[in-house]
Amino acid sequence: MEEKGYTLDGTVNLNGDPVLSSTTGKWKACIFILANQLFDRFAYFGVSANLVIYMTSELHKDMVSSVTSANNWSGTAWLTPVLGAYIADSYLGRFWTITFALLIYAIGMGLLVLTTALECFKPTCINEICKASSTQLTLFYISIYTIALGSGILKPNLSTFGADQFDDFRPNEKVFKVSFFNWWAFNTACGTLAATMFLVYIQERFGWGLGYGVSAIGFLLGAVSFFMGIPIYRHKSRQCKSHAKEFFRVPMAAFRNRKLHLSSNPSELHEFTLEHYIVAGRRQIYHTPRFRFLDKAAIKERERDGSNPPCTVTQVETIKAILGMIGIWLLTIIPSNFWAVEVTMFVKQGTTMDRKLGPNFQIPAASLWSFVVVTILICLPIYDCCFVPFMRKRTGLHRGIKMLHRFAIGFSIQVLAAAVMYFVELRRMEVIREEHITTGTQVVPMSIFWLLPQHVILGLANTFLMGGLLEFFYDQSPEQMKVLGTAFYTSTVAAGKYTNSLLVSVIDNFSKKISGKSWLGNNLNDSHVDYYYAILFLISALNLCLFLWVQRRYIYKKENETEVNAIEISKEET
């Protein structure tokens, strides 16, 4: 049966039957996926946004230890997507991996609610000295790291599963996929905003157990939303191959052929015909001049030896694409530090300042992060609905601008934010000296809204980076490794968290050696956070310069765009 406006493009439903769906139907499927992602971000950031405050105020850990612990936990949550990608691409597929992740996530949320709500799991105080027992700390860490594992496995699969609902062999659906990634970032911002404005206040005003309980309810609503879309989801077929074996096959073949002559004509390299890929329902990747040493793996002379057949150009280009993404990935680590600073140092910095809003209300320091999110919520629709169409008319690119150009703009704005962070902290230190403030309990008579500009500027930077990073790594990853490509994005955030922990530890140890006290001590009113921001500015500026040099030489993956495994339907009106 064929209906006008519908396509049959090689995808199946959960039972393995072909899916007949319109573009409207695909967006409906995405709505269920986006609803799950909205509640997932609400639950996740309900835990992470105030984690440093919980560790210092409830578990009574020192600031450096709390910042490091929060960064390490968050880093784990953003690194485990690599595991989720491997499970999905090699074993379970996207849908069942998501289901598995939601189960783990639910266990972690339940444990966290119990450990923060029940009195027997809370630290005891003797003579005003409070300390959590090893058992209490163990249970707390088991709960949050279980959440990190479930959330991590979920992250790359949910976004990839949503993008899979569209067929990028069709030009109009390629445009829709670009919009999907932008709205994915918008949805992330919505969930984050609700958590930082609503949950943070509940945690500080009514108790941590209740606050985390509301997070758990949000997670449950998200899981229900996802499973409601089962009847209309599209599932791409999974190829049961060992990606690790495939990855090493090409460089090993190139090494075996290292003494053979490599022709300058790519057409002399081994490759199947385009028809072969069309019949197989796969994409052929065209030759690119980067990483030329790997081309030796496709030299046809090896065909004489049946035990070591040559690799195809598509196989070689698959490895080239991964190596190219790794190079860009390395240059996104320093910018990702800002995502760690937003939820650690900014929060502790805000607790030292005047947070009063009226006679009876005090702004939770973590809630100021909501201005980052509000900026994203304002700017992303403008970017997607105004900026992209405007630039599309001038450049002819369906994205409006190249993906790496979008990165460069975001990184540049981050450098500006670092400069603003430095000068605002200088002003805070000046007020401290003028008011002769020495202890950490004294409030600096300087409004917390002095921190607003740096939050807004970073929100603008995130407008370019959040959806851009996800789209780049999804787009440039090989067809059979799309989840792994998405994991590149999440591992970027993880690397930023870990390197920020390392940076904080190095500055802490270095400053103690040269001055006898930490620049990032428990008493921020007697510390030098300005030095920390200055270092972040310098390394970010240097990283930007290197990125601008690399992106000019980056070669994007080139695939055939011939429609495969599809029934062409006339677009003419009846």
# chains A, B, ... in the order shown; residues from 1 in each chain; ligands from 1
>>> closest_atom_pairs(of="stretch 372-442 of chain A", to="stretch 555-558 of chain A", cutoff="12 Å", atoms="only C-alpha atoms", output="tab-separated table")
residue	atom	partner	partner_atom	distance
A:Lys402	CA	A:Tyr556	CA	9.8
A:Met403	CA	A:Tyr556	CA	9.7
A:Leu404	CA	A:Tyr556	CA	9.9
>>> write_last_selection(atoms="all heavy atoms", output="mmCIF file, in the first residue's frame")
data_model
loop_
_atom_site.group_PDB
_atom_site.id
_atom_site.type_symbol
_atom_site.label_atom_id
_atom_site.label_comp_id
_atom_site.auth_asym_id
_atom_site.auth_seq_id
_atom_site.Cartn_x
_atom_site.Cartn_y
_atom_site.Cartn_z
ATOM 1 N N LYS A 402 28.702 26.526 8.548
ATOM 2 C CA LYS A 402 29.372 25.246 8.786
ATOM 3 C C LYS A 402 29.363 24.936 10.284
ATOM 4 O O LYS A 402 29.401 25.835 11.119
ATOM 5 C CB LYS A 402 30.803 25.280 8.264
ATOM 6 C CG LYS A 402 30.897 25.354 6.743
ATOM 7 C CD LYS A 402 32.340 25.325 6.277
ATOM 8 C CE LYS A 402 32.424 25.344 4.755
ATOM 9 N NZ LYS A 402 33.837 25.326 4.282
ATOM 10 N N MET A 403 29.354 23.661 10.596
ATOM 11 C CA MET A 403 29.264 23.247 11.993
ATOM 12 C C MET A 403 30.440 23.747 12.826
ATOM 13 O O MET A 403 30.266 24.192 13.967
ATOM 14 C CB MET A 403 29.152 21.718 12.074
ATOM 15 C CG MET A 403 27.828 21.187 11.575
ATOM 16 S SD MET A 403 27.690 19.380 11.653
ATOM 17 C CE MET A 403 28.716 18.905 10.257
ATOM 18 N N LEU A 404 31.641 23.697 12.289
ATOM 19 C CA LEU A 404 32.814 24.143 13.043
ATOM 20 C C LEU A 404 32.846 25.664 13.186
ATOM 21 O O LEU A 404 33.437 26.178 14.137
ATOM 22 C CB LEU A 404 34.096 23.629 12.389
ATOM 23 C CG LEU A 404 34.284 22.108 12.433
ATOM 24 C CD1 LEU A 404 35.638 21.725 11.860
ATOM 25 C CD2 LEU A 404 34.144 21.570 13.862
#
>>> select_by_dssp(residues="stretch 400-509 of chain A", states="strand (DSSP E or B)", output="CSV table (one decimal) with N, CA, C and O atoms, in the first residue's frame")
chain,number,residue,atom,x,y,z
A,444,VAL,N,29.3,39.4,51.7
A,444,VAL,CA,29.9,40.5,51.0
A,444,VAL,C,28.8,41.4,50.5
A,444,VAL,O,27.8,41.0,49.9
A,445,PRO,N,28.8,42.7,50.9
A,445,PRO,CA,27.7,43.7,50.6
A,445,PRO,C,27.8,44.0,49.1
A,445,PRO,O,28.0,45.2,48.7
A,446,MET,N,27.5,43.0,48.3
A,446,MET,CA,27.6,43.1,46.8
A,446,MET,C,26.5,42.2,46.3
A,446,MET,O,26.5,41.0,46.6
A,447,SER,N,25.6,42.7,45.5
A,447,SER,CA,24.5,41.9,45.0
A,447,SER,C,24.9,40.7,44.2
A,447,SER,O,25.9,40.8,43.4
>>> residues_around(residues="A:Phe227", least_positions_apart="4", cutoff="9 Å", atoms="only C-alpha atoms", output="list of chain:residue names")
A:Phe32, A:Ile33, A:Thr99, A:Gly222, A:Ala223, A:Pro231
>>> residues_around(residues="A:Pro289", least_positions_apart="2", cutoff="10 Å", atoms="only C-alpha atoms", output="PyMOL selection string")
chain A and resi 264+266+287+291-293+295+317+320+555
>>> write_last_selection(atoms="N, CA and C atoms", output="PDB file, in the first residue's frame")
ATOM      1  N   SER A 264      48.256   8.026  -6.692  1.00  0.00           N
ATOM      2  CA  SER A 264      47.652   9.328  -6.395  1.00  0.00           C
ATOM      3  C   SER A 264      46.216   9.407  -6.890  1.00  0.00           C
ATOM      4  N   PRO A 266      42.591   8.079  -6.532  1.00  0.00           N
ATOM      5  CA  PRO A 266      41.742   7.312  -5.593  1.00  0.00           C
ATOM      6  C   PRO A 266      40.916   6.228  -6.268  1.00  0.00           C
ATOM      7  N   HIS A 287      36.127   9.124  -1.052  1.00  0.00           N
ATOM      8  CA  HIS A 287      37.521   9.322  -0.650  1.00  0.00           C
ATOM      9  C   HIS A 287      37.800  10.788  -0.315  1.00  0.00           C
ATOM     10  N   PHE A 291      44.719  11.947   6.132  1.00  0.00           N
ATOM     11  CA  PHE A 291      45.270  10.691   6.658  1.00  0.00           C
ATOM     12  C   PHE A 291      45.604   9.724   5.513  1.00  0.00           C
ATOM     13  N   ARG A 292      46.378  10.200   4.561  1.00  0.00           N
ATOM     14  CA  ARG A 292      46.667   9.433   3.341  1.00  0.00           C
ATOM     15  C   ARG A 292      47.326   8.084   3.629  1.00  0.00           C
ATOM     16  N   PHE A 293      48.055   7.961   4.720  1.00  0.00           N
ATOM     17  CA  PHE A 293      48.753   6.701   5.009  1.00  0.00           C
ATOM     18  C   PHE A 293      47.770   5.545   5.181  1.00  0.00           C
ATOM     19  N   ASP A 295      45.179   5.035   3.334  1.00  0.00           N
ATOM     20  CA  ASP A 295      44.702   4.588   2.023  1.00  0.00           C
ATOM     21  C   ASP A 295      45.385   3.312   1.571  1.00  0.00           C
ATOM     22  N   GLU A 317      37.602   5.325   4.972  1.00  0.00           N
ATOM     23  CA  GLU A 317      37.060   6.644   5.294  1.00  0.00           C
ATOM     24  C   GLU A 317      36.301   6.640   6.616  1.00  0.00           C
ATOM     25  N   LYS A 320      38.966   7.267   9.039  1.00  0.00           N
ATOM     26  CA  LYS A 320      39.387   8.661   8.903  1.00  0.00           C
ATOM     27  C   LYS A 320      38.399   9.599   9.590  1.00  0.00           C
ATOM     28  N   ILE A 555      38.382  18.375   7.007  1.00  0.00           N
ATOM     29  CA  ILE A 555      37.657  17.925   5.824  1.00  0.00           C
ATOM     30  C   ILE A 555      36.438  17.143   6.289  1.00  0.00           C
TER      31      ILE A 555
END
>>> atom_distance(atom1="atom CA of A:Gly327", atom2="atom CA of A:Tyr554")
9.3 Å
>>> closest_atom_pairs(of="stretch 397-503 of chain A", to="stretch 339-347 of chain A", cutoff="12 Å", atoms="only C-alpha atoms", output="CSV")
residue,atom,partner,partner_atom,distance
A:Gln414,CA,A:Trp339,CA,10.5
A:Ala417,CA,A:Glu342,CA,11.3
A:Ala418,CA,A:Val341,CA,10.5
A:Met421,CA,A:Phe346,CA,9.4
A:Tyr422,CA,A:Phe346,CA,11.9
A:Val424,CA,A:Phe346,CA,11.5
A:Glu425,CA,A:Phe346,CA,10.5
A:Ile448,CA,A:Phe346,CA,10.2
A:Phe449,CA,A:Phe346,CA,11.8
A:Trp450,CA,A:Phe346,CA,11.4
A:Leu451,CA,A:Phe346,CA,8.0
A:Leu452,CA,A:Phe346,CA,10.4
A:Gln454,CA,A:Glu342,CA,9.5
A:His455,CA,A:Glu342,CA,7.9
A:Val456,CA,A:Glu342,CA,11.3
A:Ile457,CA,A:Glu342,CA,11.7
A:Leu458,CA,A:Glu342,CA,8.8
A:Gly459,CA,A:Glu342,CA,10.3
A:Ala461,CA,A:Trp339,CA,10.9
A:Asn462,CA,A:Trp339,CA,9.2
A:Leu465,CA,A:Trp339,CA,11.1
A:Met466,CA,A:Trp339,CA,10.6
A:Thr490,CA,A:Trp339,CA,12.0
A:Thr492,CA,A:Trp339,CA,10.6
A:Val493,CA,A:Trp339,CA,7.5
A:Ala494,CA,A:Ala340,CA,9.3
A:Ala495,CA,A:Ala340,CA,10.2
A:Gly496,CA,A:Ala340,CA,7.0
A:Lys497,CA,A:Ala340,CA,5.5
A:Tyr498,CA,A:Ala340,CA,8.9
A:Thr499,CA,A:Ala340,CA,9.4
A:Asn500,CA,A:Ala340,CA,6.7
A:Ser501,CA,A:Ala340,CA,8.7
A:Leu502,CA,A:Ala340,CA,11.7
A:Leu503,CA,A:Val341,CA,11.1
>>> select_by_dssp(residues="stretch 326-480 of chain A", states="alpha helix (DSSP H)", output="PyMOL selection string")
chain A and resi 326-330+333-342+345-351+370-382+388-395+403-434+452-476
>>> write_last_selection(atoms="C-alpha atoms", output="compact mmCIF listing (two decimals), in the first residue's frame")
# COMPACT_ATOMS: atom_id res chain seq x y z
CA ILE A 326 38.98 12.79 17.84
CA GLY A 327 41.04 15.81 16.78
CA ILE A 328 38.05 18.13 17.16
CA TRP A 329 37.06 16.37 20.40
CA LEU A 330 40.42 17.19 21.97
CA ILE A 333 37.83 19.78 26.32
CA ILE A 334 38.97 23.22 27.53
CA PRO A 335 35.68 24.93 26.52
CA SER A 336 33.79 22.18 28.36
CA ASN A 337 35.43 23.36 31.59
CA PHE A 338 32.91 26.20 31.66
CA TRP A 339 30.05 23.74 32.14
CA ALA A 340 31.80 22.55 35.30
CA VAL A 341 32.48 26.07 36.56
CA GLU A 342 28.81 27.08 36.13
CA MET A 345 32.54 27.77 41.51
CA PHE A 346 29.71 30.09 40.46
CA VAL A 347 27.47 28.56 43.12
CA LYS A 348 30.04 28.84 45.93
CA GLN A 349 30.89 32.37 44.80
CA GLY A 350 27.20 33.30 44.94
CA THR A 351 26.82 32.04 48.53
CA SER A 370 18.72 29.62 35.55
CA PHE A 371 19.80 32.81 33.75
CA VAL A 372 22.15 30.68 31.62
CA VAL A 373 19.15 28.56 30.75
CA VAL A 374 16.78 31.50 30.14
CA THR A 375 19.31 32.98 27.72
CA ILE A 376 19.40 29.66 25.85
CA LEU A 377 15.60 29.49 25.78
CA ILE A 378 15.44 32.98 24.26
CA CYS A 379 18.31 32.62 21.81
CA LEU A 380 17.79 29.08 20.47
CA PRO A 381 14.42 29.77 18.78
CA ILE A 382 15.90 32.95 17.32
CA VAL A 388 19.66 29.74 10.17
CA PRO A 389 17.14 30.66 7.41
CA PHE A 390 18.85 34.05 6.98
CA MET A 391 22.29 32.47 6.58
CA ARG A 392 20.91 29.60 4.46
CA LYS A 393 19.87 32.09 1.78
CA ARG A 394 23.36 33.58 1.69
CA THR A 395 25.57 30.50 2.00
CA MET A 403 29.26 23.25 11.99
CA LEU A 404 32.81 24.14 13.04
CA HIS A 405 32.10 27.83 12.43
CA ARG A 406 29.28 27.48 14.94
CA PHE A 407 31.83 26.06 17.41
CA ALA A 408 34.22 28.94 16.80
CA ILE A 409 31.54 31.51 17.61
CA GLY A 410 30.64 29.68 20.83
CA PHE A 411 34.27 29.35 21.91
CA SER A 412 34.89 33.05 21.24
CA ILE A 413 31.95 34.03 23.43
CA GLN A 414 33.30 31.78 26.21
CA VAL A 415 36.62 33.67 26.15
CA LEU A 416 34.66 36.91 26.58
CA ALA A 417 32.77 35.33 29.50
CA ALA A 418 36.05 34.35 31.18
CA ALA A 419 37.24 37.96 31.01
CA VAL A 420 33.97 39.15 32.58
CA MET A 421 34.27 36.48 35.32
CA TYR A 422 37.76 37.74 36.15
CA PHE A 423 36.78 41.42 36.41
CA VAL A 424 33.65 40.71 38.48
CA GLU A 425 35.73 38.70 40.94
CA LEU A 426 38.25 41.55 41.11
CA ARG A 427 35.37 43.83 42.08
CA ARG A 428 34.19 41.36 44.75
CA MET A 429 37.70 41.21 46.23
CA GLU A 430 37.85 45.02 46.23
CA VAL A 431 34.59 45.22 48.24
CA ILE A 432 35.97 42.61 50.67
CA ARG A 433 39.03 44.77 51.32
CA GLU A 434 36.97 47.94 51.67
CA LEU A 452 24.37 37.84 36.06
CA PRO A 453 26.42 39.09 33.04
CA GLN A 454 28.75 36.06 33.03
CA HIS A 455 25.76 33.71 33.24
CA VAL A 456 24.02 35.43 30.31
CA ILE A 457 27.17 35.45 28.16
CA LEU A 458 27.75 31.75 28.80
CA GLY A 459 24.10 31.11 27.94
CA LEU A 460 24.71 32.78 24.58
CA ALA A 461 27.80 30.62 24.06
CA ASN A 462 25.81 27.49 24.89
CA THR A 463 23.26 28.45 22.24
CA PHE A 464 25.92 27.80 19.63
CA LEU A 465 27.62 24.88 21.38
CA MET A 466 24.96 22.59 22.89
CA GLY A 467 23.08 21.67 19.74
CA GLY A 468 26.13 22.24 17.56
CA LEU A 469 28.35 19.71 19.33
CA LEU A 470 25.65 17.06 19.34
CA GLU A 471 24.84 17.62 15.66
CA PHE A 472 28.50 17.60 14.57
CA PHE A 473 29.42 14.32 16.25
CA TYR A 474 26.20 12.66 15.06
CA ASP A 475 26.63 13.91 11.49
CA GLN A 476 30.32 13.08 11.13
>>> closest_residue(among="A:Phe247, A:Tyr44, A:Trp27, A:Tyr201", to="A:Gly150", atoms="only C-alpha atoms")
A:Tyr44
>>> residues_around(residues="A:Ser263", least_positions_apart="2", cutoff="12 Å", atoms="only C-alpha atoms", output="compact mmCIF listing (two decimals) with C-alpha atoms, in the first residue's frame")
# COMPACT_ATOMS: atom_id res chain seq x y z
CA LEU A 260 53.53 -0.93 -1.47
CA HIS A 261 53.21 2.02 -3.84
CA ASN A 265 44.43 8.34 -8.17
CA PRO A 266 41.74 7.31 -5.59
CA SER A 267 39.82 5.40 -8.28
CA GLU A 268 42.55 2.75 -8.26
CA LEU A 269 41.77 1.88 -4.64
CA HIS A 270 39.47 -1.03 -3.79
CA ARG A 292 46.67 9.43 3.34
CA PHE A 293 48.75 6.70 5.01
CA ASP A 295 44.70 4.59 2.02
CA LYS A 296 47.27 1.79 1.72
CA ALA A 298 42.65 -0.29 0.18
CA ILE A 299 45.44 -1.11 -2.29
CA LYS A 300 44.07 -3.73 -4.69
CA GLU A 301 47.31 -5.74 -4.89
